[in-house]
$ cat work_27.cif   # mmCIF, C-alpha atoms
data_query
loop_
_atom_site.label_atom_id
_atom_site.label_comp_id
_atom_site.auth_asym_id
_atom_site.auth_seq_id
_atom_site.Cartn_x
_atom_site.Cartn_y
_atom_site.Cartn_z
CA MET A 4 60.71 40.20 113.94
CA THR A 5 64.26 40.05 112.54
CA ALA A 6 64.53 37.91 109.39
CA ARG A 7 67.13 35.20 109.88
CA VAL A 8 69.27 33.07 107.62
CA ILE A 9 69.51 29.61 109.19
CA ALA A 10 73.00 28.13 108.91
CA THR A 11 73.69 24.58 110.00
CA TYR A 12 77.23 23.73 111.05
CA HIS A 13 78.65 20.31 111.87
CA VAL A 14 80.93 20.92 114.83
CA ARG A 15 83.38 18.53 116.49
CA GLY A 16 83.26 18.66 120.26
CA ASP A 17 82.16 16.78 123.33
CA ALA A 18 78.88 17.27 125.16
CA ALA A 19 80.50 19.39 127.86
CA SER A 20 81.86 22.01 125.44
CA ILE A 21 79.41 22.09 122.52
CA GLU A 22 77.06 24.76 123.90
CA ALA A 23 79.90 27.21 124.47
CA ARG A 24 81.38 26.36 121.06
CA ALA A 25 78.01 26.96 119.35
CA GLN A 26 77.64 30.35 121.04
CA ALA A 27 81.18 31.28 120.00
CA ILE A 28 80.35 30.51 116.36
CA ALA A 29 77.14 32.55 116.57
CA VAL A 30 79.12 35.55 117.84
CA GLU A 31 82.01 35.05 115.41
CA GLN A 32 79.71 34.92 112.39
CA SER A 33 77.76 38.01 113.41
CA VAL A 34 79.56 40.65 115.48
CA GLU A 35 82.94 38.96 116.24
CA MET A 36 83.48 40.78 119.52
CA PRO A 37 82.63 40.27 123.21
CA LEU A 38 78.92 40.77 123.76
CA ASP A 39 79.48 42.68 126.98
CA ALA A 40 81.35 45.31 124.95
CA ILE A 41 78.24 46.09 122.86
CA ASP A 42 76.18 48.98 124.24
CA GLU A 43 73.56 49.19 121.46
CA PRO A 44 70.41 47.19 122.39
CA ALA A 45 69.32 46.86 118.74
CA VAL A 46 72.60 45.14 117.83
CA LEU A 47 72.25 42.69 120.71
CA GLN A 48 68.65 41.93 119.78
CA ASP A 49 68.72 41.96 115.98
CA ILE A 50 72.28 41.38 114.77
CA VAL A 51 73.97 38.94 117.14
CA GLY A 52 73.66 35.35 115.92
CA GLU A 53 71.20 33.09 117.73
CA VAL A 54 71.92 29.45 118.57
CA GLN A 55 68.62 27.81 117.68
CA SER A 56 69.40 24.14 118.25
CA ILE A 57 72.17 21.66 118.97
CA ASP A 58 71.60 18.05 117.91
CA PRO A 59 74.20 15.32 118.43
CA ILE A 60 75.10 13.39 115.27
CA ASP A 61 77.49 11.02 117.02
CA ALA A 62 79.74 11.06 120.09
CA SER A 63 82.04 13.71 118.64
CA VAL A 64 79.98 15.78 116.14
CA SER A 65 76.84 17.88 116.59
CA ALA A 66 74.61 19.74 114.16
CA VAL A 67 74.44 23.36 115.31
CA ARG A 68 71.73 25.60 113.82
CA ILE A 69 72.40 29.33 114.07
CA GLY A 70 70.13 32.15 112.98
CA LEU A 71 72.09 34.99 111.35
CA ALA A 72 70.49 38.35 110.64
CA ALA A 73 69.51 38.49 106.97
CA ALA A 74 70.22 42.23 107.06
CA THR A 75 73.96 41.52 107.49
CA ILE A 76 73.95 39.85 104.05
CA GLY A 77 71.49 41.89 102.02
CA ASN A 78 71.56 40.81 98.36
CA ASP A 79 75.36 40.59 98.06
CA ALA A 80 76.50 37.08 97.11
CA GLY A 81 80.05 37.61 98.33
CA GLN A 82 78.84 38.96 101.64
CA MET A 83 76.56 35.94 101.99
CA LEU A 84 79.57 33.61 101.86
CA ASN A 85 81.45 35.88 104.27
CA MET A 86 78.69 35.97 106.87
CA LEU A 87 77.95 32.25 106.60
CA PHE A 88 81.48 31.00 106.99
CA GLY A 89 84.09 33.75 106.71
CA ASN A 90 85.98 33.64 110.01
CA THR A 91 84.68 30.26 111.15
CA SER A 92 86.14 28.58 108.06
CA LEU A 93 89.52 29.19 109.74
CA HIS A 94 88.58 26.76 112.53
CA GLU A 95 89.26 23.13 111.68
CA ASP A 96 86.47 21.75 113.87
CA VAL A 97 83.59 23.22 111.82
CA VAL A 98 81.93 22.33 108.50
CA LEU A 99 79.24 24.55 106.97
CA HIS A 100 76.63 21.89 106.24
CA ASP A 101 73.45 23.63 105.11
CA VAL A 102 71.76 27.02 104.73
CA SER A 103 68.18 28.20 104.43
CA LEU A 104 67.43 31.80 103.39
CA PRO A 105 64.19 33.72 103.88
CA ALA A 106 62.00 33.54 100.78
CA GLU A 107 62.37 37.25 99.99
CA GLN A 108 66.15 37.06 100.13
CA ALA A 109 66.31 33.94 97.95
CA ALA A 110 64.05 35.66 95.40
CA ALA A 111 66.39 38.66 95.36
CA PHE A 112 69.34 36.44 94.48
CA GLY A 113 67.17 35.00 91.73
CA GLY A 114 68.57 31.53 91.20
CA PRO A 115 69.03 30.12 87.69
CA ARG A 116 67.87 32.39 84.88
CA HIS A 117 67.29 29.45 82.52
CA GLY A 118 67.56 26.23 84.55
CA ILE A 119 66.77 22.76 83.33
CA ALA A 120 63.98 23.87 81.00
CA GLY A 121 66.15 26.55 79.40
CA LEU A 122 69.02 24.15 78.73
CA ARG A 123 66.62 21.59 77.30
CA ALA A 124 65.11 24.24 75.03
CA ARG A 125 68.55 25.00 73.58
CA ILE A 126 68.81 21.41 72.40
CA GLY A 127 65.14 20.85 71.65
CA VAL A 128 64.64 17.78 73.87
CA THR A 129 62.19 17.31 76.72
CA GLN A 130 62.62 13.77 78.05
CA ARG A 131 66.12 12.29 77.90
CA ALA A 132 69.23 13.27 79.83
CA LEU A 133 71.60 15.72 78.15
CA THR A 134 75.17 14.98 77.07
CA CYS A 135 78.40 16.91 77.33
CA SER A 136 82.12 16.54 76.73
CA ALA A 137 85.24 18.64 77.21
CA LEU A 138 87.96 20.03 74.99
CA LYS A 139 91.32 18.75 76.23
CA PRO A 140 94.26 18.75 76.75
CA GLN A 141 95.80 22.04 77.70
CA GLY A 142 98.35 23.26 75.18
CA LEU A 143 96.42 22.67 71.95
CA SER A 144 96.08 25.48 69.44
CA PRO A 145 92.69 27.02 68.63
CA ARG A 146 92.78 25.21 65.29
CA ARG A 147 93.23 21.82 67.00
CA LEU A 148 90.54 22.59 69.56
CA GLY A 149 88.14 23.67 66.82
CA ALA A 150 88.75 20.41 64.99
CA LEU A 151 88.06 18.43 68.18
CA ALA A 152 84.86 20.39 68.74
CA GLU A 153 83.70 19.59 65.23
CA ARG A 154 84.37 15.86 65.69
CA PHE A 155 82.48 15.82 68.98
CA ALA A 156 79.58 17.67 67.39
CA ARG A 157 79.42 15.27 64.47
CA GLY A 158 78.79 12.55 67.05
CA GLY A 159 75.62 14.35 68.19
CA ILE A 160 76.78 15.65 71.57
CA ASP A 161 74.59 18.35 73.14
CA PHE A 162 77.19 20.57 74.82
CA ILE A 163 80.95 20.88 74.34
CA LYS A 164 82.71 22.79 77.09
CA ASP A 165 86.23 24.11 77.39
CA ASP A 166 88.36 22.30 79.90
CA HIS A 167 88.20 24.55 82.96
CA GLY A 168 91.97 25.11 82.73
CA LEU A 169 91.64 26.77 79.33
CA ALA A 170 91.79 30.53 79.87
CA ASP A 171 93.48 33.15 77.70
CA GLN A 172 96.89 31.51 77.39
CA ASP A 173 99.35 32.45 74.66
CA TYR A 174 98.84 29.09 72.94
CA SER A 175 95.04 29.44 72.92
CA ARG A 176 93.72 32.97 73.10
CA PHE A 177 90.07 33.15 74.13
CA ALA A 178 89.02 35.11 71.05
CA ASP A 179 90.81 32.75 68.66
CA ARG A 180 89.48 29.69 70.45
CA ILE A 181 85.83 30.64 70.41
CA ARG A 182 86.09 31.62 66.75
CA ALA A 183 87.59 28.24 65.82
CA CYS A 184 85.28 26.17 68.01
CA ALA A 185 82.11 28.02 67.00
CA ALA A 186 83.02 27.57 63.33
CA GLY A 187 83.76 23.85 63.75
CA ILE A 188 80.51 23.21 65.57
CA ALA A 189 78.57 25.23 63.00
CA ARG A 190 79.95 22.99 60.23
CA ALA A 191 78.96 19.88 62.16
CA THR A 192 75.50 21.21 62.95
CA GLN A 193 74.91 21.99 59.31
CA ALA A 194 75.89 18.42 58.42
CA THR A 195 73.97 16.60 61.18
CA GLY A 196 71.08 18.94 62.00
CA HIS A 197 71.82 18.49 65.73
CA PRO A 198 72.12 21.83 67.64
CA THR A 199 75.33 21.27 69.57
CA HIS A 200 76.26 24.21 71.84
CA TYR A 201 79.78 25.37 72.62
CA VAL A 202 80.49 26.40 76.24
CA PRO A 203 83.67 28.50 76.53
CA SER A 204 85.45 28.97 79.85
CA LEU A 205 85.60 32.47 81.35
CA SER A 206 88.68 33.58 83.25
CA GLY A 207 90.53 36.65 84.50
CA ASP A 208 89.20 39.66 86.35
CA LEU A 209 85.66 41.04 86.08
CA ASN A 210 86.45 43.27 83.12
CA ALA A 211 88.14 40.41 81.26
CA MET A 212 85.14 38.15 81.80
CA ARG A 213 82.82 40.91 80.61
CA ARG A 214 84.84 41.20 77.40
CA GLN A 215 84.78 37.43 76.96
CA LEU A 216 81.01 37.31 77.40
CA GLY A 217 80.63 40.05 74.80
CA LEU A 218 82.77 38.09 72.33
CA ALA A 219 80.81 34.93 73.05
CA ARG A 220 77.53 36.71 72.36
CA GLU A 221 78.91 38.08 69.06
CA HIS A 222 79.60 34.50 67.95
CA GLY A 223 76.09 33.34 68.83
CA ILE A 224 77.24 31.49 71.96
CA ASP A 225 74.60 31.37 74.69
CA CYS A 226 76.26 29.20 77.37
CA VAL A 227 79.51 29.71 79.31
CA ILE A 228 81.34 27.97 82.13
CA LEU A 229 83.22 29.45 85.06
CA ALA A 230 84.30 28.44 88.57
CA PRO A 231 82.48 30.59 91.15
CA MET A 232 85.05 29.85 93.85
CA ILE A 233 87.79 31.29 91.63
CA ALA A 234 85.84 34.08 89.92
CA GLY A 235 84.19 35.20 93.18
CA PHE A 236 80.51 35.05 94.07
CA ALA A 237 79.96 38.79 93.72
CA ASN A 238 81.57 38.83 90.27
CA VAL A 239 79.36 35.98 89.09
CA GLN A 240 76.34 37.85 90.39
CA ALA A 241 77.37 40.98 88.48
CA LEU A 242 78.01 39.09 85.22
CA LEU A 243 74.67 37.31 85.27
CA ALA A 244 72.85 40.57 85.91
CA GLU A 245 74.58 42.10 82.88
CA PHE A 246 74.19 39.08 80.57
CA PRO A 247 70.88 37.47 81.57
CA ASP A 248 70.51 35.73 78.20
CA ILE A 249 73.65 33.63 78.76
CA ALA A 250 73.26 30.29 80.57
CA LEU A 251 75.89 29.41 83.17
CA LEU A 252 77.51 26.07 83.89
CA ALA A 253 79.31 26.27 87.24
CA HIS A 254 82.57 24.36 87.67
CA PRO A 255 83.54 23.05 91.15
CA SER A 256 87.25 23.98 90.98
CA LEU A 257 88.54 25.05 94.42
CA GLY A 258 85.27 23.84 95.94
CA GLY A 259 87.17 21.51 98.22
CA ALA A 260 89.46 24.19 99.63
CA ALA A 261 86.98 25.22 102.34
CA ARG A 262 85.01 23.00 104.67
CA ILE A 263 81.64 23.58 103.04
CA ALA A 264 79.56 20.49 102.37
CA PRO A 265 79.49 19.82 98.59
CA ALA A 266 75.74 19.26 98.59
CA LEU A 267 75.37 22.80 99.95
CA LEU A 268 78.11 24.63 98.04
CA ILE A 269 77.54 23.07 94.62
CA GLY A 270 73.97 21.84 95.00
CA LYS A 271 72.42 24.92 96.67
CA LEU A 272 74.69 27.98 96.71
CA PHE A 273 75.90 27.78 93.10
CA PRO A 274 72.28 27.54 91.82
CA LEU A 275 71.17 30.32 94.19
CA LEU A 276 73.91 32.44 92.64
CA GLY A 277 72.48 31.73 89.18
CA ALA A 278 74.08 28.53 87.89
CA ASP A 279 71.79 26.85 85.37
CA ALA A 280 73.84 23.65 85.63
CA VAL A 281 76.36 22.49 88.24
CA ILE A 282 79.29 20.21 87.47
CA PHE A 283 80.43 17.95 90.30
CA PRO A 284 82.65 14.88 90.84
CA ASN A 285 80.67 11.70 90.31
CA PHE A 286 81.03 8.75 92.65
CA GLY A 287 83.27 5.97 91.44
CA GLY A 288 85.44 8.28 89.33
CA ARG A 289 88.76 9.87 90.15
CA PHE A 290 87.37 11.93 93.06
CA GLY A 291 86.05 10.84 96.42
CA TYR A 292 82.37 11.85 96.54
CA SER A 293 80.06 9.11 97.82
CA PRO A 294 76.80 8.06 96.15
CA ALA A 295 74.91 9.64 99.07
CA THR A 296 76.68 12.98 98.59
CA CYS A 297 76.02 12.90 94.85
CA ARG A 298 72.37 12.05 95.41
CA THR A 299 71.82 14.88 97.89
CA LEU A 300 73.72 17.37 95.72
CA ALA A 301 71.66 16.48 92.63
CA ASP A 302 68.42 16.60 94.60
CA ASN A 303 69.31 20.02 96.04
CA ALA A 304 70.04 21.40 92.56
CA ARG A 305 66.80 20.07 91.08
CA ARG A 306 64.56 20.91 94.05
CA PRO A 307 65.39 24.47 95.09
CA GLU A 308 63.74 26.24 97.97
CA HIS A 309 61.28 29.10 97.46
CA ALA A 310 60.15 28.23 93.89
CA LEU A 311 63.41 29.17 92.19
CA ARG A 312 64.13 27.46 88.87
CA PRO A 313 65.81 24.05 89.19
CA SER A 314 69.43 23.65 88.14
CA LEU A 315 70.73 20.71 86.10
CA PRO A 316 73.17 18.35 87.85
CA VAL A 317 76.21 17.43 85.73
CA PRO A 318 78.14 14.45 87.16
CA ALA A 319 81.68 14.29 85.81
CA GLY A 320 85.23 13.22 86.58
CA GLY A 321 86.46 9.87 85.33
CA MET A 322 83.15 8.95 83.66
CA THR A 323 83.09 6.11 81.14
CA LEU A 324 80.76 5.04 78.36
CA GLN A 325 80.26 1.69 80.07
CA ARG A 326 78.69 3.36 83.10
CA VAL A 327 76.04 5.32 81.17
CA PRO A 328 73.10 2.97 81.97
CA GLU A 329 74.06 2.81 85.67
CA LEU A 330 74.34 6.59 85.93
CA LEU A 331 71.10 7.27 84.11
CA ASP A 332 69.34 4.88 86.47
CA PHE A 333 70.90 6.71 89.42
CA TYR A 334 70.31 10.32 88.32
CA GLY A 335 67.28 9.97 86.06
CA PRO A 336 66.57 12.05 82.94
CA ASP A 337 67.04 15.49 84.51
CA ALA A 338 70.82 15.33 84.39
CA MET A 339 73.67 15.98 81.97
CA LEU A 340 76.33 13.30 81.70
CA LEU A 341 79.81 14.68 81.05
CA ILE A 342 82.36 12.26 79.58
CA GLY A 343 85.66 13.76 78.48
CA GLY A 344 88.86 11.75 78.62
CA ASN A 345 87.15 8.41 78.02
CA LEU A 346 85.85 9.65 74.66
CA LEU A 347 89.09 11.41 73.75
CA ALA A 348 90.92 8.11 74.33
CA ALA A 349 89.18 6.84 71.18
CA ARG A 350 91.48 9.21 69.22
CA ALA A 351 90.80 8.63 65.52
CA GLN A 352 87.38 7.13 66.40
CA LEU A 353 86.33 10.11 68.54
CA THR A 354 83.21 10.85 66.49
CA GLU A 355 82.15 7.20 66.59
CA ALA A 356 82.70 6.97 70.36
CA THR A 357 80.72 10.18 70.86
CA ALA A 358 77.90 8.83 68.72
CA ALA A 359 77.85 5.65 70.83
CA PHE A 360 77.55 7.84 73.95
CA THR A 361 74.69 9.91 72.58
CA ARG A 362 72.87 6.80 71.32
CA ALA A 363 73.19 5.13 74.72
CA VAL A 364 71.66 8.15 76.44
CA ALA A 365 68.86 8.51 73.88
CA ALA A 366 67.98 4.81 74.07
CA HIS A 367 67.86 4.55 77.85
CA ASP A 368 64.51 3.63 79.36
CA HIS A 369 63.85 5.64 82.52
CA ARG A 370 60.78 3.70 83.59
#

$ encode --input "work_27.cif" --output "structure tokens"
Amino acid sequence: MTARVIATYHVRGDAASIEARAQAIAVEQSVEMPLDAIDEPAVLQDIVGEVQSIDPIDASVSAVRIGLAAATIGNDAGQMLNMLFGNTSLHEDVVLHDVSLPAEQAAAFGGPRHGIAGLRARIGVTQRALTCSALKPQGLSPRRLGALAERFARGGIDFIKDDHGLADQDYSRFADRIRACAAGIARATQATGHPTHYVPSLSGDLNAMRRQLGLAREHGIDCVILAPMIAGFANVQALLAEFPDIALLAHPSLGGAARIAPALLIGKLFPLLGADAVIFPNFGGRFGYSPATCRTLADNARRPEHALRPSLPVPAGGMTLQRVPELLDFYGPDAMLLIGGNLLAARAQLTEATAAFTRAVAAHDHR
């Protein structure tokens, strides 16, 4: 029996046209040619996509489940995205809503190498939520960024990440930045005893990211951040295979450019690719995700299929210190709260504001 990846699409269309539209998607995402032009029986039987069910959601949208041959994907992460939604993403009436892979294929992708337990082990905590902030704004020198990192770390933050827009710009070369930030955090850690971890942002082509990972490892850095939609799924897969000791935080940049449901793209596919933590726009911030979307995304990350390691959800985007109790009640302890601009707005009192954030998280009762 042919192993199938089950893709669920939400398709706009009326009852009279939805069956034909579903069959067209099944063909487009498998062989993309007229079936009567195929003269190989094995292709017709094993490779052509199968419409498995059509379930109306409302008067204008149906959930269409299509079985795609797992053999057309293999263990290539880029090819997985291509076969799930490559050509069909060009049609405005379709959203890729969910995906389920065969157990053997999911195991081959591997999922998170470290996951929630590995990130907790880096900090030495087992119960509370983790904390994170971001180095901003763009345009600061490595010296200024290193000083910011030290002030954050002196407030007891767990992880300090580069803003995702920091790359290898003239004003902040990657090598200079990680040297300055690692040194600043080391000074703070020596003073406080708290093991803050710096998370530099990877950018550029595959060779550039390899060099950046090598530099990070030389400075004792064991976590990095990148945007899979910009770096490319296959490149992320290659990097994680080469640097399995490095934990990955996945950034959602460009994640809204294709019609892929966030709970699938960020909550399932990024972890399947190997993300140990996934950053996503929290409800009520400066982006438009709903509480229901955030809940499903976080649940997907923490409850993977096929016994893969769980990934840590990291709500972010317009977060404030005042919302910490509400968000901890919503997400529970297996989360990392990321507050950036709201802490940086404290300016001269940045360390004090960071300490207030970390105390609020540590003191929260999750009963």

$ atom_distance --input "work_27.cif" --atom1 "atom CA of A:Thr323" --atom2 "atom CA of A:Ala338"
15.7 Å

$ residues_near_point --input "work_27.cif" --point "(65.0, 31.8, 105.4)" --cutoff "12 Å" --atoms "only C-alpha atoms" --output "PyMOL selection string"
chain A and resi 5-10+69-74+101-110+308-309

$ resolve_selection --input "work_27.cif" --expression "the PyMOL selection byres ((chain A and resi 283) around 7)" --output "list of chain:residue names"
A:Pro255, A:Val281, A:Ile282, A:Pro284, A:Asn285, A:Val317, A:Pro318, A:Ala319

$ residues_near_point --input "work_27.cif" --point "(66.1, 13.0, 76.6)" --cutoff "9 Å" --atoms "all atoms listed in the file" --output "ChimeraX atom specification"
/A:123,128-133,336-337,364-367

$ residues_around --input "work_27.cif" --residues "A:Pro203" --least-positions-apart "2" --cutoff "6 Å" --atoms "all atoms listed in the file" --output "short mmCIF file (atom, residue, chain, number, x, y, z; two decimals) with C-alpha atoms, in the frame of the given file"
data_model
loop_
_atom_site.label_atom_id
_atom_site.label_comp_id
_atom_site.auth_asym_id
_atom_site.auth_seq_id
_atom_site.Cartn_x
_atom_site.Cartn_y
_atom_site.Cartn_z
CA LYS A 164 82.71 22.79 77.09
CA ASP A 165 86.23 24.11 77.39
CA VAL A 227 79.51 29.71 79.31
#

$ closest_residue --input "work_27.cif" --among "A:Phe290, A:Phe177, A:Phe360, A:Tyr201" --to "A:Ile249" --atoms "all atoms listed in the file"
A:Tyr201

$ residues_around --input "work_27.cif" --residues "A:Ile163" --least-positions-apart "3" --cutoff "6 Å" --atoms "only C-alpha atoms" --output "ChimeraX atom specification"
/A:135-137,201-202

$ closest_residue --input "work_27.cif" --among "A:Val51, A:Ile60, A:Ala351, A:Ala124" --to "A:Met86" --atoms "all atoms listed in the file"
A:Val51

$ resolve_selection --input "work_27.cif" --expression "the PyMOL selection byres ((chain A and resi 295) around 12)" --output "mmCIF file with C-alpha atoms, in the coordinates of the input"
data_model
loop_
_atom_site.group_PDB
_atom_site.id
_atom_site.type_symbol
_atom_site.label_atom_id
_atom_site.label_comp_id
_atom_site.auth_asym_id
_atom_site.auth_seq_id
_atom_site.Cartn_x
_atom_site.Cartn_y
_atom_site.Cartn_z
ATOM 1 C CA PRO A 265 79.490 19.820 98.590
ATOM 2 C CA ALA A 266 75.740 19.260 98.590
ATOM 3 C CA ASN A 285 80.670 11.700 90.310
ATOM 4 C CA PHE A 286 81.030 8.750 92.650
ATOM 5 C CA GLY A 287 83.270 5.970 91.440
ATOM 6 C CA GLY A 291 86.050 10.840 96.420
ATOM 7 C CA TYR A 292 82.370 11.850 96.540
ATOM 8 C CA SER A 293 80.060 9.110 97.820
ATOM 9 C CA PRO A 294 76.800 8.060 96.150
ATOM 10 C CA THR A 296 76.680 12.980 98.590
ATOM 11 C CA CYS A 297 76.020 12.900 94.850
ATOM 12 C CA ARG A 298 72.370 12.050 95.410
ATOM 13 C CA THR A 299 71.820 14.880 97.890
ATOM 14 C CA LEU A 300 73.720 17.370 95.720
ATOM 15 C CA ALA A 301 71.660 16.480 92.630
ATOM 16 C CA ASP A 302 68.420 16.600 94.600
ATOM 17 C CA PHE A 333 70.900 6.710 89.420
ATOM 18 C CA TYR A 334 70.310 10.320 88.320
#

$ closest_residue --input "work_27.cif" --among "A:Ala186, A:Gly142, A:Gly321, A:Cys226" --to "A:Leu347" --atoms "all atoms listed in the file"
A:Gly321

$ atom_distance --input "work_27.cif" --atom1 "atom CA of A:Met339" --atom2 "atom CA of A:Pro316"
6.4 Å

$ build_atoms --input "work_27.cif" --residues "stretch 183-202 of chain A" --atoms "N, CA and C atoms" --output "mmCIF file, in the frame of the given file"
data_model
loop_
_atom_site.group_PDB
_atom_site.id
_atom_site.type_symbol
_atom_site.label_atom_id
_atom_site.label_comp_id
_atom_site.auth_asym_id
_atom_site.auth_seq_id
_atom_site.Cartn_x
_atom_site.Cartn_y
_atom_site.Cartn_z
ATOM 1 N N ALA A 183 87.321 29.544 66.434
ATOM 2 C CA ALA A 183 87.590 28.240 65.820
ATOM 3 C C ALA A 183 86.564 27.202 66.239
ATOM 4 N N CYS A 184 86.217 27.183 67.518
ATOM 5 C CA CYS A 184 85.280 26.170 68.010
ATOM 6 C C CYS A 184 83.861 26.430 67.509
ATOM 7 N N ALA A 185 83.446 27.682 67.509
ATOM 8 C CA ALA A 185 82.110 28.020 67.000
ATOM 9 C C ALA A 185 81.998 27.650 65.532
ATOM 10 N N ALA A 186 83.055 27.894 64.760
ATOM 11 C CA ALA A 186 83.020 27.570 63.330
ATOM 12 C C ALA A 186 82.978 26.062 63.119
ATOM 13 N N GLY A 187 83.769 25.302 63.885
ATOM 14 C CA GLY A 187 83.760 23.850 63.750
ATOM 15 C C GLY A 187 82.417 23.250 64.094
ATOM 16 N N ILE A 188 81.819 23.738 65.168
ATOM 17 C CA ILE A 188 80.510 23.210 65.570
ATOM 18 C C ILE A 188 79.439 23.606 64.562
ATOM 19 N N ALA A 189 79.538 24.807 64.011
ATOM 20 C CA ALA A 189 78.570 25.230 63.000
ATOM 21 C C ALA A 189 78.625 24.310 61.785
ATOM 22 N N ARG A 190 79.834 23.910 61.352
ATOM 23 C CA ARG A 190 79.950 22.990 60.230
ATOM 24 C C ARG A 190 79.297 21.651 60.552
ATOM 25 N N ALA A 191 79.540 21.164 61.764
ATOM 26 C CA ALA A 191 78.960 19.880 62.160
ATOM 27 C C ALA A 191 77.443 19.960 62.249
ATOM 28 N N THR A 192 76.948 21.041 62.818
ATOM 29 C CA THR A 192 75.500 21.210 62.950
ATOM 30 C C THR A 192 74.818 21.271 61.584
ATOM 31 N N GLN A 193 75.466 21.937 60.656
ATOM 32 C CA GLN A 193 74.910 21.990 59.310
ATOM 33 C C GLN A 193 74.851 20.603 58.687
ATOM 34 N N ALA A 194 75.848 19.768 58.995
ATOM 35 C CA ALA A 194 75.890 18.420 58.420
ATOM 36 C C ALA A 194 74.924 17.465 59.105
ATOM 37 N N THR A 195 74.767 17.587 60.436
ATOM 38 C CA THR A 195 73.970 16.600 61.180
ATOM 39 C C THR A 195 72.563 17.082 61.507
ATOM 40 N N GLY A 196 72.371 18.403 61.577
ATOM 41 C CA GLY A 196 71.080 18.940 62.000
ATOM 42 C C GLY A 196 70.919 18.977 63.510
ATOM 43 N N HIS A 197 71.927 18.498 64.265
ATOM 44 C CA HIS A 197 71.820 18.490 65.730
ATOM 45 C C HIS A 197 72.410 19.789 66.293
ATOM 46 N N PRO A 198 71.679 20.500 67.157
ATOM 47 C CA PRO A 198 72.120 21.830 67.640
ATOM 48 C C PRO A 198 73.105 21.756 68.797
ATOM 49 N N THR A 199 74.306 21.305 68.539
ATOM 50 C CA THR A 199 75.330 21.270 69.570
ATOM 51 C C THR A 199 75.683 22.705 70.004
ATOM 52 N N HIS A 200 75.913 22.898 71.310
ATOM 53 C CA HIS A 200 76.260 24.210 71.840
ATOM 54 C C HIS A 200 77.663 24.187 72.432
ATOM 55 N N TYR A 201 78.433 25.209 72.094
ATOM 56 C CA TYR A 201 79.780 25.370 72.620
ATOM 57 C C TYR A 201 79.722 26.189 73.903
ATOM 58 N N VAL A 202 80.499 25.758 74.920
ATOM 59 C CA VAL A 202 80.490 26.400 76.240
ATOM 60 C C VAL A 202 81.914 26.828 76.582
#
